[in-house]
$ cat target-v6.txt   # compact mmCIF, C-alpha atoms
# COMPACT_ATOMS: atom_id res chain seq x y z
CA LYS A 1122 1.81 14.00 41.06
CA GLN A 1123 3.58 10.68 41.47
CA ILE A 1124 4.86 8.92 44.57
CA ALA A 1125 7.55 6.25 44.35
CA PHE A 1126 7.56 3.59 47.05
CA SER A 1127 9.00 0.15 47.60
CA GLU A 1128 7.27 -2.88 48.96
CA ASN A 1129 9.20 -4.93 51.49
CA TYR A 1130 7.79 -8.38 50.92
CA VAL A 1131 9.36 -11.45 49.36
CA ASN A 1132 9.76 -9.68 45.99
CA LYS A 1133 10.91 -6.16 46.73
CA ASP A 1134 9.92 -3.83 43.91
CA VAL A 1135 9.55 -0.11 43.38
CA TRP A 1136 6.07 1.08 42.46
CA ILE A 1137 4.77 4.44 41.25
CA PHE A 1138 1.47 5.75 42.62
CA ASP A 1139 -0.17 8.30 40.32
CA THR A 1140 -2.10 10.65 42.60
CA THR A 1141 -4.21 12.01 39.73
CA ARG A 1142 -5.42 8.67 38.39
CA GLY A 1143 -5.25 6.79 41.70
CA THR A 1144 -3.30 3.94 40.09
CA GLU A 1145 -0.13 2.01 40.88
CA ASP A 1146 2.39 0.89 38.26
CA ARG A 1147 5.34 -1.39 38.86
CA ALA A 1148 8.64 0.38 38.08
CA THR A 1149 11.21 -2.40 38.66
CA TYR A 1150 11.35 -5.89 37.23
CA GLU A 1151 14.68 -7.45 38.22
CA GLY A 1152 16.16 -8.26 41.61
CA GLN A 1153 15.24 -6.78 44.98
CA ASN A 1154 14.66 -3.01 44.74
CA THR A 1155 14.20 -0.42 47.48
CA PHE A 1156 14.75 3.21 48.52
CA PRO A 1157 13.45 5.10 45.46
CA VAL A 1158 14.43 8.79 45.31
CA TRP A 1159 13.03 11.16 42.65
CA SER A 1160 15.30 13.75 41.05
CA PRO A 1161 14.17 17.33 41.84
CA ASP A 1162 12.53 17.79 38.42
CA GLY A 1163 10.85 14.37 38.59
CA SER A 1164 12.47 13.16 35.35
CA ARG A 1165 14.62 10.43 36.96
CA MET A 1166 14.51 8.08 39.89
CA ALA A 1167 17.41 6.47 41.72
CA PHE A 1168 16.94 3.25 43.70
CA ARG A 1169 18.92 0.46 45.33
CA SER A 1170 18.96 -3.00 43.78
CA ASP A 1171 20.78 -6.31 43.97
CA ARG A 1172 20.12 -7.14 40.29
CA SER A 1173 23.85 -7.43 39.50
CA GLY A 1174 25.52 -7.73 42.89
CA PRO A 1175 25.42 -6.57 46.49
CA LEU A 1176 23.20 -3.51 46.49
CA HIS A 1177 24.22 -1.00 43.86
CA ILE A 1178 22.39 2.21 42.94
CA TYR A 1179 20.55 2.41 39.63
CA MET A 1180 18.76 5.22 37.84
CA THR A 1181 15.82 5.15 35.47
CA GLN A 1182 13.95 7.78 33.48
CA ALA A 1183 10.48 8.51 34.85
CA ASN A 1184 8.90 7.80 31.47
CA ASN A 1185 10.81 4.55 30.81
CA SER A 1186 11.30 2.41 33.90
CA ARG A 1187 12.71 -0.53 31.93
CA ASP A 1188 15.76 1.45 30.73
CA VAL A 1189 18.00 1.26 33.82
CA ILE A 1190 21.52 2.69 34.27
CA GLN A 1191 23.84 1.48 37.03
CA LEU A 1192 25.25 4.47 38.93
CA THR A 1193 27.46 2.78 41.55
CA GLN A 1194 29.44 -0.41 42.02
CA GLY A 1195 28.52 -0.89 45.68
CA PRO A 1196 28.64 -2.67 47.92
CA LEU A 1197 25.76 -1.79 50.19
CA ASP A 1198 24.82 1.58 48.66
CA VAL A 1199 21.65 3.44 49.73
CA PRO A 1200 20.49 6.49 47.70
CA SER A 1201 19.39 9.46 49.77
CA SER A 1202 19.28 12.95 48.23
CA TRP A 1203 19.77 14.75 44.90
CA THR A 1204 21.44 18.13 44.52
CA PRO A 1205 18.81 20.75 43.60
CA ASP A 1206 20.03 20.77 39.98
CA GLY A 1207 19.69 16.97 39.78
CA LYS A 1208 23.29 16.49 38.67
CA GLU A 1209 24.54 14.59 41.73
CA LEU A 1210 23.12 12.02 44.12
CA ALA A 1211 24.31 11.65 47.71
CA PHE A 1212 24.27 8.15 49.14
CA ALA A 1213 25.53 6.07 52.05
CA ARG A 1214 27.85 3.10 51.51
CA GLY A 1215 28.54 0.34 54.02
CA SER A 1216 26.65 -1.21 56.88
CA ALA A 1217 27.17 -1.13 60.63
CA ALA A 1218 25.04 -4.29 60.70
CA ILE A 1219 27.92 -6.26 59.16
CA GLY A 1220 30.66 -4.52 61.10
CA THR A 1221 31.74 -1.82 58.67
CA SER A 1222 31.39 1.92 58.98
CA THR A 1223 28.96 3.71 56.71
CA ASP A 1224 30.27 6.71 54.77
CA ILE A 1225 28.72 9.35 52.52
CA TYR A 1226 29.50 9.58 48.83
CA VAL A 1227 28.22 11.49 45.82
CA VAL A 1228 27.82 10.14 42.28
CA SER A 1229 27.30 12.13 39.08
CA ALA A 1230 24.05 11.27 37.28
CA ASP A 1231 25.67 12.03 33.91
CA GLN A 1232 28.87 10.09 34.62
CA PRO A 1233 27.89 6.79 36.26
CA ASN A 1234 30.53 5.36 38.58
CA ASN A 1235 32.11 8.82 38.99
CA VAL A 1236 31.91 8.47 42.77
CA ARG A 1237 33.66 10.61 45.36
CA ALA A 1238 33.72 10.48 49.13
CA VAL A 1239 32.17 13.45 50.93
CA VAL A 1240 32.32 12.25 54.56
CA ALA A 1241 34.44 9.16 55.24
CA THR A 1242 35.67 8.51 58.78
CA ASN A 1243 36.01 5.59 61.18
CA ALA A 1244 32.53 6.48 62.46
CA SER A 1245 29.28 5.74 60.61
CA GLU A 1246 27.72 8.58 58.63
CA THR A 1247 24.24 8.10 57.21
CA LEU A 1248 21.14 9.79 55.80
CA PRO A 1249 22.72 12.60 53.72
CA GLU A 1250 20.31 15.35 52.65
CA PHE A 1251 21.06 18.43 50.58
CA ALA A 1252 19.69 21.80 51.63
CA PRO A 1253 17.18 23.29 49.16
CA ASP A 1254 19.87 25.70 47.89
CA GLY A 1255 22.41 22.86 47.54
CA LYS A 1256 25.04 24.73 49.56
CA TRP A 1257 24.83 22.52 52.66
CA LEU A 1258 24.75 18.79 53.30
CA ALA A 1259 23.11 17.46 56.46
CA TYR A 1260 23.86 13.96 57.75
CA CYS A 1261 23.93 11.82 60.89
CA SER A 1262 27.15 10.51 62.43
CA ASN A 1263 27.98 8.48 65.52
CA GLU A 1264 31.47 9.96 65.81
CA SER A 1265 30.64 11.30 69.30
CA GLY A 1266 29.51 7.86 70.48
CA ARG A 1267 25.85 8.41 69.61
CA PHE A 1268 24.15 9.53 66.42
CA GLU A 1269 24.00 13.29 66.06
CA LEU A 1270 23.02 15.64 63.25
CA TYR A 1271 25.69 17.65 61.40
CA VAL A 1272 25.74 20.05 58.46
CA GLN A 1273 28.69 21.05 56.34
CA PRO A 1274 29.16 23.30 53.31
CA TYR A 1275 28.73 21.57 49.96
CA PRO A 1276 30.80 20.96 47.96
CA GLY A 1277 33.16 22.56 50.45
CA PRO A 1278 35.51 23.58 51.78
CA GLY A 1279 34.31 24.61 55.17
CA LYS A 1280 33.81 23.53 58.73
CA ARG A 1281 31.02 21.19 59.69
CA VAL A 1282 28.56 22.33 62.34
CA THR A 1283 27.00 20.09 64.99
CA ILE A 1284 23.26 20.65 65.13
CA THR A 1285 22.40 18.33 68.05
CA SER A 1286 24.17 17.89 71.35
CA GLU A 1287 23.93 15.69 74.44
CA ALA A 1288 22.59 18.59 76.50
$ encode --input "target-v6.txt" --output "structure tokens"
Amino acid sequence: KQIAFSENYVNKDVWIFDTTRGTEDRATYEGQNTFPVWSPDGSRMAFRSDRSGPLHIYMTQANNSRDVIQLTQGPLDVPSSWTPDGKELAFARGSAAIGTSTDIYVVSADQPNNVRAVVATNASETLPEFAPDGKWLAYCSNESGRFELYVQPYPGPGKRVTITSEA
């Protein structure tokens, strides 16, 4: 019933569009804020912000957007996908644009800053997405020299599978 989106103008903010009422409400008030991602039950929203440094991830309750919890210390974190139970958030950290590789991490929503690497290589891994059952994690990596799609069991162990190929 609600759609979160970010505007990419001078003041980047996250807004909530209520599809029932046809109204927009501002959800962020400090810093530059982008990439909102709802938790599966719609009770929380994660987003990226520079309000206290170089692009950390924050979380807010859907019914109280002014009460914000910092989930990661950064730098250059981009939220992407929640586990189906809403307990963990997958995100990418780093930026090929500034000469670093991008890796995939997961943070616990109940234990902010409890971050662990899921896919961290010399290549750049981006856009992590959990399968609806939470047992697989899909992501893109340029390990082969071009970006390809992979899936691997979550939380593991298990072998990753290449979904795309050059053929």
$ closest_residue --input "target-v6.txt" --among "A:Thr1144, A:Gln1123, A:Gln1194, A:Thr1221" --to "A:Glu1246" --atoms "only C-alpha atoms"
A:Thr1221
$ residues_around --input "target-v6.txt" --residues "A:Ser1222" --least-positions-apart "4" --cutoff "10 Å" --atoms "all atoms listed in the file" --output "list in words"
Ala1213, Arg1214, Gly1215, Ser1216, Ala1217, Ala1218, Ala1241, Thr1242, Asn1243, Ala1244, Ser1245, Glu1246, Thr1247 and Asn1263 of chain A
$ residues_around --input "target-v6.txt" --residues "A:Arg1147" --least-positions-apart "3" --cutoff "12 Å" --atoms "all atoms listed in the file" --output "list of chain:residue names"
A:Ile1124, A:Ala1125, A:Phe1126, A:Ser1127, A:Glu1128, A:Asn1132, A:Lys1133, A:Asp1134, A:Val1135, A:Trp1136, A:Ile1137, A:Phe1138, A:Asp1139, A:Thr1144, A:Tyr1150, A:Glu1151, A:Asn1154, A:Ala1183, A:Asn1185, A:Ser1186, A:Arg1187
$ write_last_selection --input "target-v6.txt" --atoms "C-alpha atoms" --output "tab-separated table (two decimals), keeping the file's coordinate frame"
chain	number	residue	atom	x	y	z
A	1124	ILE	CA	4.86	8.92	44.57
A	1125	ALA	CA	7.55	6.25	44.35
A	1126	PHE	CA	7.56	3.59	47.05
A	1127	SER	CA	9.00	0.15	47.60
A	1128	GLU	CA	7.27	-2.88	48.96
A	1132	ASN	CA	9.76	-9.68	45.99
A	1133	LYS	CA	10.91	-6.16	46.73
A	1134	ASP	CA	9.92	-3.83	43.91
A	1135	VAL	CA	9.55	-0.11	43.38
A	1136	TRP	CA	6.07	1.08	42.46
A	1137	ILE	CA	4.77	4.44	41.25
A	1138	PHE	CA	1.47	5.75	42.62
A	1139	ASP	CA	-0.17	8.30	40.32
A	1144	THR	CA	-3.30	3.94	40.09
A	1150	TYR	CA	11.35	-5.89	37.23
A	1151	GLU	CA	14.68	-7.45	38.22
A	1154	ASN	CA	14.66	-3.01	44.74
A	1183	ALA	CA	10.48	8.51	34.85
A	1185	ASN	CA	10.81	4.55	30.81
A	1186	SER	CA	11.30	2.41	33.90
A	1187	ARG	CA	12.71	-0.53	31.93
$ atom_distance --input "target-v6.txt" --atom1 "atom CA of A:Pro1253" --atom2 "atom CA of A:Glu1269"
20.8 Å
$ atom_distance --input "target-v6.txt" --atom1 "atom CA of A:Asn1234" --atom2 "atom CA of A:Thr1193"
5.0 Å
$ residues_around --input "target-v6.txt" --residues "A:Pro1274" --least-positions-apart "3" --cutoff "10 Å" --atoms "all atoms listed in the file" --output "list in words"
Phe1251, Ala1252, Gly1255, Lys1256, Trp1257, Leu1258, Ala1259, Gly1277, Pro1278, Gly1279, Lys1280, Arg1281 and Val1282 of chain A
$ residues_around --input "target-v6.txt" --residues "A:Ala1167" --least-positions-apart "5" --cutoff "10 Å" --atoms "only C-alpha atoms" --output "list of chain:residue names"
A:Thr1155, A:Phe1156, A:Pro1157, A:Val1158, A:Trp1159, A:Ser1160, A:Ile1178, A:Tyr1179, A:Met1180, A:Thr1181, A:Gln1182, A:Ala1183, A:Val1189, A:Ile1190, A:Gln1191, A:Leu1192, A:Val1199, A:Pro1200, A:Ser1201, A:Ser1202, A:Trp1203, A:Leu1210, A:Ala1230
$ axis_aligned_box --input "target-v6.txt" --around "stretch 1218-1234 of chain A" --padding-each-side "8 Å" --output "JSON"
{"center_x": 27.9, "center_y": 2.9, "center_z": 47.5, "size_x": 23.7, "size_y": 34.4, "size_z": 43.2}
$ atom_distance --input "target-v6.txt" --atom1 "atom CA of A:Ile1225" --atom2 "atom CA of A:Ala1238"
6.1 Å
$ closest_residue --input "target-v6.txt" --among "A:Ser1265, A:Thr1283, A:Thr1223, A:Thr1140" --to "A:Asp1198" --atoms "all atoms listed in the file"
A:Thr1223
$ closest_residue --input "target-v6.txt" --among "A:Leu1197, A:Ile1284, A:Ala1211, A:Leu1270" --to "A:Leu1176" --atoms "only C-alpha atoms"
A:Leu1197
$ build_atoms --input "target-v6.txt" --residues "stretch 1174-1190 of chain A" --atoms "N, CA, C and O atoms" --output "short mmCIF file (atom, residue, chain, number, x, y, z; two decimals), in the frame of the given file"
data_model
loop_
_atom_site.label_atom_id
_atom_site.label_comp_id
_atom_site.auth_asym_id
_atom_site.auth_seq_id
_atom_site.Cartn_x
_atom_site.Cartn_y
_atom_site.Cartn_z
N GLY A 1174 24.54 -7.64 41.82
CA GLY A 1174 25.52 -7.73 42.89
C GLY A 1174 24.98 -7.15 44.17
O GLY A 1174 23.80 -6.83 44.27
N PRO A 1175 25.88 -6.96 45.15
CA PRO A 1175 25.42 -6.57 46.49
C PRO A 1175 25.04 -5.10 46.62
O PRO A 1175 25.84 -4.26 47.01
N LEU A 1176 23.83 -4.79 46.22
CA LEU A 1176 23.20 -3.51 46.49
C LEU A 1176 23.92 -2.30 45.90
O LEU A 1176 24.58 -1.53 46.59
N HIS A 1177 23.73 -2.15 44.61
CA HIS A 1177 24.22 -1.00 43.86
C HIS A 1177 23.08 0.01 43.73
O HIS A 1177 21.92 -0.29 44.01
N ILE A 1178 23.41 1.21 43.23
CA ILE A 1178 22.39 2.21 42.94
C ILE A 1178 22.20 2.27 41.43
O ILE A 1178 23.17 2.30 40.66
N TYR A 1179 20.94 2.32 41.03
CA TYR A 1179 20.55 2.41 39.63
C TYR A 1179 19.69 3.65 39.44
O TYR A 1179 19.11 4.18 40.39
N MET A 1180 19.58 4.06 38.18
CA MET A 1180 18.76 5.22 37.84
C MET A 1180 17.92 4.86 36.62
O MET A 1180 18.39 4.16 35.72
N THR A 1181 16.70 5.35 36.61
CA THR A 1181 15.82 5.15 35.47
C THR A 1181 15.12 6.46 35.14
O THR A 1181 14.99 7.33 36.00
N GLN A 1182 14.73 6.61 33.89
CA GLN A 1182 13.95 7.78 33.48
C GLN A 1182 12.51 7.57 33.93
O GLN A 1182 12.00 6.44 33.89
N ALA A 1183 11.85 8.62 34.34
CA ALA A 1183 10.48 8.51 34.85
C ALA A 1183 9.53 7.96 33.78
O ALA A 1183 8.58 7.25 34.11
N ASN A 1184 9.80 8.24 32.52
CA ASN A 1184 8.90 7.80 31.47
C ASN A 1184 9.30 6.46 30.85
O ASN A 1184 8.68 6.01 29.89
N ASN A 1185 10.37 5.82 31.35
CA ASN A 1185 10.81 4.55 30.81
C ASN A 1185 11.50 3.75 31.90
O ASN A 1185 12.72 3.70 31.96
N SER A 1186 10.73 3.10 32.74
CA SER A 1186 11.30 2.41 33.90
C SER A 1186 12.07 1.14 33.54
O SER A 1186 12.75 0.59 34.38
N ARG A 1187 11.98 0.69 32.31
CA ARG A 1187 12.71 -0.53 31.93
C ARG A 1187 14.13 -0.21 31.44
O ARG A 1187 14.95 -1.11 31.32
N ASP A 1188 14.42 1.04 31.15
CA ASP A 1188 15.76 1.45 30.73
C ASP A 1188 16.52 1.91 31.97
O ASP A 1188 16.33 3.03 32.45
N VAL A 1189 17.35 1.03 32.53
CA VAL A 1189 18.00 1.26 33.82
C VAL A 1189 19.51 1.43 33.63
O VAL A 1189 20.13 0.68 32.90
N ILE A 1190 20.08 2.42 34.31
CA ILE A 1190 21.52 2.69 34.27
C ILE A 1190 22.09 2.46 35.66
O ILE A 1190 21.56 2.98 36.65
#
